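Trainee: Just passing along the structure, written as structure tokens.
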Amino acid sequence: MSNLMFYSTNGSPERVDFREALLSGQAPDMGLYMPEEIPRIGTEEIVRFSKMRYPEIAYRVVGPYIGDLIPKEDLVSILEDAYNFDVPIERVFDRAHIMRLDRGPTCSFKDFAARLMGRLVQYFLEREGRSVIILTATSGDTGSAVAHAFYGLSNVQVVVLYPRDEVTERQRKQMTTLGGNVHALAVDGKFDDCQALVKRAFADPELRDLNLSSANSINVGRLLPQAVYYFYAYSRISEGEEIVISVPSGNFGNLMGGLIAMRMGLPVRRFVVATNENDEFPVFMRTGIYKPIRPSRNCISNAMNVGHPSNLARVFALYGGWLDEKGEVRREPDLDAMRRDMFAVSVSDDETRKTIKEVYERYRVLLEPHGAVGWAGLMRYFEEVERWEPTVSLETADPAKFPEEIIRVLGVTPPLPRAMAELDSLEEHIKEISGSYESLKSYLRGLR
Ligand SMILES: *Cc1c(COP(=O)(O)O)cnc(C)c1O
């Protein structure tokens with residue numbers, strides 16, 4: 001069997017296997033890796049997923065991309081170990097559901113991707129006797145998920161850059177209280193500044209000897225695990241009908257996982273792509289004109305404050321287009337096909353708060369701001385397009401991660417999950433850096 005290969009969205013002719021794409025993160029031409037072909041899973045097999053547990057479904061979905069690079073029994077045990085928590089699906093009304101992707105150790109959906117990626121990276125590095133520095137930018141939840149996924153691994157140092165004034169206290173503490181091989185850098189700037197610093201470090205030939213690697217949502221090791229829960233949702237709520245899925249989106253990694261699931265054969269009627277006031281994608285879908293928002297707008301769903309989503313390059317590639325790393329459209333994608341598959345909507349902060357209130361008062365279902373953006377998007381779809389059953393809207397974080405907004409809107413304090421209860425008593429380790437590239441560079445050099 002020959003393994004599936006990955007190409008770069010920026011068009012260089014080079015092809016790499018999963019291991020190489022995982023360990024290098026970004027392609028040398030600054031593009032993002034995409035699978036050269038997308039393996040199909042037949043409908044009959046998808047129907048059988050209803051009797052399978054989450055890690056078993058994960059093996060069927062992710063396995064074909066890894067091929068024989070990892071023996072089956074090793075991959076199975078990695079998946080069992082990574083997905084040892086619940087994935088609850090709650091009915092809200094009729095056949096409209098939310099799926100809670102917040103039961104991992106850092107209480108956001110990013111645990112799904114980070115936990116598998118961390119274990120895969122460790123698997124390869126250990127066998128090869130190599131070490132890397134994982135460098136990642138976060139708008140809040142990636143950093144903690146990645147930090148926890150890599151914490152304590154001997155072959156890895158983790159450096160997380162976060163915007164100093166744009167993460168909540170709990171988000172920050174999940175990154176800063178680990179210590180050890182986890183280094184949290186508070187940047188005087190926005191998420192987009194953090195991301196720009198990280199990208200520049202990856203492109204810097206003077207840092208090549210550091211073996212920098214990315215754990216951002218651009219890494220295929222983060223992307224592919226995010227296709228799994230779409231199959232899981234389908235297997236639990238559909239009896240063979242197509243489903244509608246609403247995805248609260250920022251950097252579009254989550255959505256991209258869903259689009260891959262659809263190309264693999266998952267019967268999806270349509271994706272609702274719900275953004276906050278950073279509406280560059282909904283505007284593009286309406287007008288065909290793509291314009292990054294700089295600087296990004298500050299909304300209460302802070303993990304989605306992204307003015308130029310990096311995974312959009314992959315979405316474009318999937319529809320035959322080319323969006324380069326600067327946000328310029330080099331080749332138009334098939335906009336009609338995109339509109340058939342996706343309904344994009346922007347949700348304001350006011351509407352987000354109103355949704356948290358309504359859903360709680362009507363159904364006693366507690367949503368946090370990101371999940372509320374997804375739910376509001378789904379309701380908009382029902383109003384403007386068609387009522388559809390069955391549906392699922394993704395809840396991407398535990399409400400206790402965003403207590404400030406929920407207390408303000410509902411006067412209710414969200415119950416603290418055990419994973420977060422201990423945070424307040426732990427010591428923080430924070431290093432502040434200015435937004436300048438030189439300060440990051442000298443910090444990284446000092447790690448050696
Ligand atoms: C990261 C994040 C999102 C956005 O996901 P993308 O893959 O970046 O689109 C949504 N909600 C929460 C809670 C997040 O942490």
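Identifiers in this document derive from the order of the structure tokens: chains are assigned A, B, ..., residues are numbered from 1 separately in each chain, and ligands are numbered from 1 in order of occurrence.
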Around ligand 1, at most 6 Å away and counting only C-alpha atoms and all ligand atoms, which residues are there? Put them as an mmCIF file with C-alpha atoms, in the first residue's frame, please.
Mentor:
```cif
data_model
loop_
_atom_site.group_PDB
_atom_site.id
_atom_site.type_symbol
_atom_site.label_atom_id
_atom_site.label_comp_id
_atom_site.auth_asym_id
_atom_site.auth_seq_id
_atom_site.Cartn_x
_atom_site.Cartn_y
_atom_site.Cartn_z
ATOM 1 C CA SER A 108 -12.776 23.292 24.788
ATOM 2 C CA ASP A 141 -8.163 27.976 23.850
ATOM 3 C CA PRO A 248 -19.040 28.536 15.284
ATOM 4 C CA SER A 249 -15.940 29.577 13.377
ATOM 5 C CA GLY A 250 -12.831 31.699 13.888
ATOM 6 C CA ASN A 251 -9.765 30.252 12.219
ATOM 7 C CA PHE A 252 -11.910 27.760 10.270
ATOM 8 C CA GLY A 253 -10.055 24.629 11.360
ATOM 9 C CA ASN A 254 -13.190 23.148 12.870
ATOM 10 C CA ALA A 303 -11.559 32.528 20.475
ATOM 11 C CA MET A 304 -13.169 33.529 17.181
ATOM 12 C CA HIS A 370 -19.090 30.577 21.018
ATOM 13 C CA THR A 396 -17.104 24.373 21.564
ATOM 14 C CA ALA A 397 -16.341 25.266 25.185
#
```
Trainee: Counting only C-alpha atoms, which residues of segment 150-255 of chain A fall within 9 Å of segment 402-422 of chain A, and what is the closest atom pair for each with its distance in Å at one decimal, ordered by chain and rising number, as CSV?
Mentor:
```
residue,atom,partner,partner_atom,distance
A:Thr168,CA,A:Phe402,CA,7.3
A:Arg170,CA,A:Met420,CA,7.9
A:Gln171,CA,A:Phe402,CA,8.8
A:Gln174,CA,A:Met420,CA,8.1
```
Trainee: So that I can see what lies close to Phe231 of chain A, please list as an MDAnalysis selection string the residues with an atom at most 12 Å from it, counting only C-alpha atoms and leaving out residues fewer than 6 positions away in the same chain.
Mentor: chainID A and resid 41 43 45:50 52:62 225 237:238 242:243 245 257:268 392
Trainee: Which is closer to Arg297 of chain A than all the others in A:Asp86, A:Asp192, A:Glu332, A:Glu20, using only C-alpha atoms?
Mentor: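 When distances to Arg297 of chain A are compared using only C-alpha atoms, the smallest one comes from A:Asp192.
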Trainee: Counting only C-alpha atoms, which residue out of A:Val76, A:Leu185, A:Val87, A:Val272 sits closest to Arg339 of chain A?
Mentor: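 Ranked by minimum distance to Arg339 of chain A, first place goes to A:Val272.
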Trainee: Would you pick out the contacts of Met99 of chain A at 10 Å or less, using only C-alpha atoms, so that residues sharing its chain but fewer than 6 positions from it are not included, and give the list as a PDB file with N, CA, C and O atoms, in the first residue's frame?
Mentor:
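Wrote it out as selection.pdb, contents follow:
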```pdb
ATOM      1  N   VAL A  87     -18.632  12.614  24.949  1.00  0.00           N
ATOM      2  CA  VAL A  87     -19.024  13.564  23.900  1.00  0.00           C
ATOM      3  C   VAL A  87     -20.551  13.642  23.920  1.00  0.00           C
ATOM      4  O   VAL A  87     -21.237  13.004  23.122  1.00  0.00           O
ATOM      5  N   PRO A  88     -21.099  14.451  24.846  1.00  0.00           N
ATOM      6  CA  PRO A  88     -22.564  14.448  25.021  1.00  0.00           C
ATOM      7  C   PRO A  88     -23.288  15.180  23.889  1.00  0.00           C
ATOM      8  O   PRO A  88     -22.822  16.218  23.422  1.00  0.00           O
ATOM      9  N   ILE A  89     -24.405  14.593  23.474  1.00  0.00           N
ATOM     10  CA  ILE A  89     -25.275  15.266  22.507  1.00  0.00           C
ATOM     11  C   ILE A  89     -26.614  15.495  23.206  1.00  0.00           C
ATOM     12  O   ILE A  89     -27.227  14.547  23.688  1.00  0.00           O
ATOM     13  N   GLU A  90     -27.022  16.759  23.311  1.00  0.00           N
ATOM     14  CA  GLU A  90     -28.268  17.091  24.024  1.00  0.00           C
ATOM     15  C   GLU A  90     -29.317  17.554  23.037  1.00  0.00           C
ATOM     16  O   GLU A  90     -29.046  18.378  22.177  1.00  0.00           O
ATOM     17  N   ARG A  91     -30.535  17.039  23.214  1.00  0.00           N
ATOM     18  CA  ARG A  91     -31.645  17.506  22.398  1.00  0.00           C
ATOM     19  C   ARG A  91     -32.116  18.842  22.957  1.00  0.00           C
ATOM     20  O   ARG A  91     -32.298  18.985  24.162  1.00  0.00           O
ATOM     21  N   TYR A 229     -15.630  14.031  14.895  1.00  0.00           N
ATOM     22  CA  TYR A 229     -16.890  14.188  15.655  1.00  0.00           C
ATOM     23  C   TYR A 229     -18.084  14.490  14.764  1.00  0.00           C
ATOM     24  O   TYR A 229     -19.220  14.357  15.185  1.00  0.00           O
ATOM     25  N   TYR A 230     -17.845  14.882  13.526  1.00  0.00           N
ATOM     26  CA  TYR A 230     -18.973  15.044  12.597  1.00  0.00           C
ATOM     27  C   TYR A 230     -19.590  13.676  12.275  1.00  0.00           C
ATOM     28  O   TYR A 230     -20.807  13.535  12.215  1.00  0.00           O
ATOM     29  N   TYR A 232     -19.332  11.136  14.248  1.00  0.00           N
ATOM     30  CA  TYR A 232     -19.923  10.704  15.520  1.00  0.00           C
ATOM     31  C   TYR A 232     -21.322  11.299  15.675  1.00  0.00           C
ATOM     32  O   TYR A 232     -22.284  10.583  15.996  1.00  0.00           O
ATOM     33  N   ALA A 233     -21.444  12.602  15.425  1.00  0.00           N
ATOM     34  CA  ALA A 233     -22.754  13.264  15.569  1.00  0.00           C
ATOM     35  C   ALA A 233     -23.775  12.609  14.649  1.00  0.00           C
ATOM     36  O   ALA A 233     -24.893  12.275  15.064  1.00  0.00           O
ATOM     37  N   GLY A 371     -20.672  28.825  21.486  1.00  0.00           N
ATOM     38  CA  GLY A 371     -21.784  27.934  21.167  1.00  0.00           C
ATOM     39  C   GLY A 371     -23.038  28.726  20.826  1.00  0.00           C
ATOM     40  O   GLY A 371     -23.845  28.306  19.988  1.00  0.00           O
ATOM     41  N   VAL A 392     -27.494  19.609  14.236  1.00  0.00           N
ATOM     42  CA  VAL A 392     -26.663  19.705  15.436  1.00  0.00           C
ATOM     43  C   VAL A 392     -25.835  20.987  15.359  1.00  0.00           C
ATOM     44  O   VAL A 392     -25.337  21.357  14.307  1.00  0.00           O
ATOM     45  N   SER A 393     -25.769  21.674  16.486  1.00  0.00           N
ATOM     46  CA  SER A 393     -24.945  22.868  16.591  1.00  0.00           C
ATOM     47  C   SER A 393     -23.825  22.561  17.576  1.00  0.00           C
ATOM     48  O   SER A 393     -24.063  21.958  18.622  1.00  0.00           O
ATOM     49  N   LEU A 394     -22.602  22.933  17.229  1.00  0.00           N
ATOM     50  CA  LEU A 394     -21.474  22.566  18.085  1.00  0.00           C
ATOM     51  C   LEU A 394     -21.315  23.557  19.229  1.00  0.00           C
ATOM     52  O   LEU A 394     -21.308  24.761  19.016  1.00  0.00           O
ATOM     53  N   GLU A 395     -21.224  23.035  20.443  1.00  0.00           N
ATOM     54  CA  GLU A 395     -20.852  23.859  21.605  1.00  0.00           C
ATOM     55  C   GLU A 395     -19.382  23.581  21.849  1.00  0.00           C
ATOM     56  O   GLU A 395     -19.001  22.458  22.190  1.00  0.00           O
ATOM     57  N   THR A 396     -18.543  24.604  21.651  1.00  0.00           N
ATOM     58  CA  THR A 396     -17.104  24.373  21.564  1.00  0.00           C
ATOM     59  C   THR A 396     -16.350  24.587  22.877  1.00  0.00           C
ATOM     60  O   THR A 396     -15.143  24.351  22.928  1.00  0.00           O
TER      61      THR A 396
END
```
Trainee: Write out as a VMD selection string each polymer residue whose atoms come within 9 Å of segment 440-444 of chain A, counting only C-alpha atoms; drop sequence neighbours fewer than 2 positions from it.
Mentor: chain A and resid 133 159 185 197 to 198 201 207 210 433 to 438 446 to 448
Trainee: Take the residues from that selection and write them out as a CSV table (one decimal), in the first residue's frame, keeping N, CA and C atoms.
Mentor:
```csv
chain,number,residue,atom,x,y,z
A,133,ILE,N,10.7,22.3,19.2
A,133,ILE,CA,10.1,23.3,20.0
A,133,ILE,C,8.7,23.6,19.3
A,159,VAL,N,6.1,26.6,23.3
A,159,VAL,CA,6.0,28.1,23.5
A,159,VAL,C,4.7,28.6,23.0
A,185,LEU,N,4.0,33.1,26.8
A,185,LEU,CA,4.4,34.4,26.5
A,185,LEU,C,3.2,35.4,26.3
A,197,LEU,N,3.8,36.9,14.4
A,197,LEU,CA,5.2,36.6,15.0
A,197,LEU,C,5.5,35.1,14.7
A,198,VAL,N,4.6,34.2,15.0
A,198,VAL,CA,4.8,32.8,14.8
A,198,VAL,C,5.2,32.5,13.4
A,201,ALA,N,8.7,33.5,12.6
A,201,ALA,CA,9.7,32.7,13.2
A,201,ALA,C,9.9,31.4,12.3
A,207,LEU,N,16.6,30.6,12.5
A,207,LEU,CA,16.1,29.8,13.6
A,207,LEU,C,15.9,28.3,13.2
A,210,LEU,N,16.6,25.4,15.5
A,210,LEU,CA,15.8,25.1,16.7
A,210,LEU,C,14.8,24.0,16.5
A,433,ILE,N,6.3,39.7,26.5
A,433,ILE,CA,7.2,40.3,25.5
A,433,ILE,C,6.4,41.3,24.7
A,434,SER,N,7.2,42.3,24.2
A,434,SER,CA,6.5,43.3,23.4
A,434,SER,C,6.1,42.6,22.1
A,435,GLY,N,5.4,43.4,21.2
A,435,GLY,CA,5.0,42.8,19.9
A,435,GLY,C,6.1,42.6,18.9
A,436,SER,N,7.4,43.0,19.3
A,436,SER,CA,8.4,43.0,18.3
A,436,SER,C,9.0,41.6,18.0
A,437,TYR,N,9.4,41.3,16.8
A,437,TYR,CA,9.9,40.0,16.4
A,437,TYR,C,11.2,39.7,17.2
A,438,GLU,N,12.0,40.7,17.3
A,438,GLU,CA,13.3,40.5,17.9
A,438,GLU,C,13.2,40.0,19.4
A,446,GLY,N,17.2,31.7,23.7
A,446,GLY,CA,17.5,31.4,25.1
A,446,GLY,C,17.0,30.1,25.6
A,447,LEU,N,16.1,29.4,24.9
A,447,LEU,CA,15.6,28.1,25.3
A,447,LEU,C,16.6,27.0,25.1
A,448,ARG,N,17.6,27.2,24.3
A,448,ARG,CA,18.4,26.1,23.9
A,448,ARG,C,19.4,25.7,25.1
```
Trainee: Using only C-alpha atoms, pick whichever of A:Gln195, A:Asn3, A:Ser131, A:Ser301 has the shortest atom-to-atom distance to Leu23 of chain A.
Mentor: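 Of A:Gln195, A:Asn3, A:Ser131, A:Ser301, the one nearest Leu23 of chain A, counting only C-alpha atoms, is A:Ser131.
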Trainee: Going by DSSP on the backbone, which bits of segment 161-401 of chain A are strand (DSSP E)? Write them as a PyMOL selection string, please.
Mentor: chain A and resi 161-163+182-187+212-214+243-248+268-275+322-323+329-331+342-346+391-395
Trainee: Using only C-alpha atoms, which residues sit within 12 Å of Asp94 of chain A once same-chain residues fewer than 2 positions away are excluded, as a list in words?
Mentor: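 The neighbour list is Glu90, Arg91, Val92, Ala96, His97, Ile98, Ile237, Tyr363, Arg387, Trp388, Glu389, Pro390, Thr391 and Val392 of chain A.
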Trainee: What lies within 9 Å of segment 277-282 of chain A using only C-alpha atoms, ignoring chain neighbours under 2 positions off, as a PyMOL selection string?
Mentor: chain A and resi 250+273-275+284-287+289-293+296-299+304-309+312+343-349
Trainee: Please dump the current selection as a compact mmCIF listing (two decimals), in the first residue's frame; keep N, CA, C and O atoms.
Mentor:
```txt
# COMPACT_ATOMS: atom_id res chain seq x y z
N GLY A 250 -13.77 30.60 13.75
CA GLY A 250 -12.83 31.70 13.89
C GLY A 250 -11.71 31.54 12.89
O GLY A 250 -11.59 32.27 11.91
N VAL A 273 -22.04 28.19 8.72
CA VAL A 273 -20.76 28.73 9.15
C VAL A 273 -21.05 30.02 9.90
O VAL A 273 -21.40 31.04 9.30
N ALA A 274 -20.97 29.96 11.23
CA ALA A 274 -21.37 31.10 12.04
C ALA A 274 -20.14 31.81 12.59
O ALA A 274 -19.34 31.22 13.31
N THR A 275 -19.96 33.07 12.20
CA THR A 275 -18.85 33.86 12.74
C THR A 275 -19.42 34.92 13.68
O THR A 275 -20.61 35.20 13.66
N PHE A 284 -17.61 37.54 2.04
CA PHE A 284 -17.12 36.90 0.82
C PHE A 284 -18.19 36.03 0.17
O PHE A 284 -18.37 36.05 -1.05
N MET A 285 -18.91 35.28 0.99
CA MET A 285 -19.93 34.37 0.43
C MET A 285 -21.05 35.17 -0.24
O MET A 285 -21.65 34.72 -1.20
N ARG A 286 -21.31 36.36 0.29
CA ARG A 286 -22.37 37.17 -0.28
C ARG A 286 -21.91 37.88 -1.54
O ARG A 286 -22.61 37.95 -2.54
N THR A 287 -20.68 38.44 -1.50
CA THR A 287 -20.24 39.35 -2.57
C THR A 287 -19.19 38.75 -3.50
O THR A 287 -18.96 39.28 -4.58
N ILE A 289 -16.13 38.91 -2.75
CA ILE A 289 -14.92 39.71 -2.51
C ILE A 289 -14.37 39.39 -1.13
O ILE A 289 -15.08 39.49 -0.12
N TYR A 290 -13.08 39.00 -1.10
CA TYR A 290 -12.48 38.64 0.18
C TYR A 290 -11.56 39.75 0.67
O TYR A 290 -10.62 40.14 -0.02
N LYS A 291 -11.86 40.22 1.86
CA LYS A 291 -11.03 41.27 2.45
C LYS A 291 -10.80 40.97 3.93
O LYS A 291 -11.74 41.01 4.72
N PRO A 292 -9.53 40.66 4.31
CA PRO A 292 -9.25 40.42 5.72
C PRO A 292 -9.62 41.64 6.56
O PRO A 292 -9.58 42.77 6.08
N ILE A 293 -10.00 41.41 7.82
CA ILE A 293 -10.34 42.50 8.73
C ILE A 293 -9.13 42.76 9.62
O ILE A 293 -8.72 41.90 10.40
N SER A 296 -8.49 42.69 13.86
CA SER A 296 -9.74 41.95 14.06
C SER A 296 -10.60 42.62 15.13
O SER A 296 -10.09 43.36 15.97
N ARG A 297 -11.90 42.39 15.04
CA ARG A 297 -12.82 43.01 16.01
C ARG A 297 -12.90 42.20 17.29
O ARG A 297 -12.90 40.98 17.25
N ASN A 298 -12.98 42.92 18.40
CA ASN A 298 -13.02 42.30 19.71
C ASN A 298 -14.43 41.89 20.09
O ASN A 298 -15.25 42.74 20.40
N CYS A 299 -14.73 40.61 20.06
CA CYS A 299 -16.08 40.17 20.42
C CYS A 299 -16.02 39.27 21.65
O CYS A 299 -14.95 38.79 22.02
N MET A 304 -12.82 33.40 18.61
CA MET A 304 -13.17 33.53 17.18
C MET A 304 -12.88 34.93 16.66
O MET A 304 -13.35 35.31 15.61
N ASN A 305 -12.06 35.70 17.40
CA ASN A 305 -11.71 37.04 16.93
C ASN A 305 -10.55 36.95 15.94
O ASN A 305 -9.41 37.23 16.25
N VAL A 306 -10.88 36.53 14.75
CA VAL A 306 -9.87 36.29 13.72
C VAL A 306 -10.29 37.05 12.46
O VAL A 306 -11.38 36.82 11.94
N GLY A 307 -9.41 37.93 12.00
CA GLY A 307 -9.74 38.77 10.85
C GLY A 307 -9.29 38.19 9.53
O GLY A 307 -9.73 38.63 8.47
N HIS A 308 -8.38 37.21 9.60
CA HIS A 308 -7.96 36.50 8.38
C HIS A 308 -7.70 35.05 8.76
O HIS A 308 -6.59 34.68 9.14
N PRO A 309 -8.73 34.21 8.67
CA PRO A 309 -8.61 32.83 9.14
C PRO A 309 -7.61 32.03 8.31
O PRO A 309 -7.74 31.96 7.08
N LEU A 312 -8.75 29.22 5.88
CA LEU A 312 -9.51 29.59 4.69
C LEU A 312 -8.76 29.19 3.42
O LEU A 312 -9.36 28.88 2.39
N PHE A 343 -23.77 27.82 4.45
CA PHE A 343 -24.59 29.01 4.68
C PHE A 343 -23.84 29.82 5.72
O PHE A 343 -23.68 29.39 6.86
N ALA A 344 -23.31 30.98 5.31
CA ALA A 344 -22.46 31.74 6.23
C ALA A 344 -23.22 32.90 6.85
O ALA A 344 -23.97 33.59 6.16
N VAL A 345 -23.05 33.09 8.15
CA VAL A 345 -23.78 34.14 8.83
C VAL A 345 -22.91 34.75 9.93
O VAL A 345 -22.12 34.06 10.58
N SER A 346 -23.03 36.06 10.07
CA SER A 346 -22.31 36.77 11.12
C SER A 346 -23.28 37.12 12.24
O SER A 346 -24.39 37.58 11.99
N VAL A 347 -22.85 36.89 13.48
CA VAL A 347 -23.72 37.09 14.64
C VAL A 347 -23.09 38.17 15.54
O VAL A 347 -21.93 38.05 15.92
N SER A 348 -23.85 39.20 15.85
CA SER A 348 -23.31 40.29 16.66
C SER A 348 -23.24 39.87 18.13
O SER A 348 -23.86 38.89 18.55
N ASP A 349 -22.51 40.64 18.92
CA ASP A 349 -22.44 40.37 20.36
C ASP A 349 -23.82 40.47 21.01
O ASP A 349 -24.16 39.68 21.89
```
Trainee: Could you check how far atom CA of Asp29 of chain A sits from atom CA of Asn10 of chain A, in Å to one decimal?
Mentor: 6.4 Å
Trainee: For a test of reading the model, state the distance in Å between atom CA of Met379 of chain A and atom CA of Arg269 of chain A, rounded to one decimal.
Mentor: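 Between these atoms lies a distance of 15.6 Å.
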Trainee: Could you find all residues in segment 3-51 of chain A that DSSP calls alpha helix (DSSP H) from the backbone, and write them as an MDAnalysis selection string?
Mentor: chainID A and resid 18:24 43:48
Trainee: Mind giving me the straight-line distance from atom CA of Val283 of chain A to atom CA of Met338 of chain A in Å, one decimal?
Mentor: 13.2 Å
Trainee: When you count only C-alpha atoms, which of these residues is closest to Pro35 of chain A: A:His429, A:Arg353, A:Arg364, A:Arg15?
Mentor: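 Going through A:His429, A:Arg353, A:Arg364, A:Arg15 one by one, the smallest distance to Pro35 of chain A is for A:Arg15.
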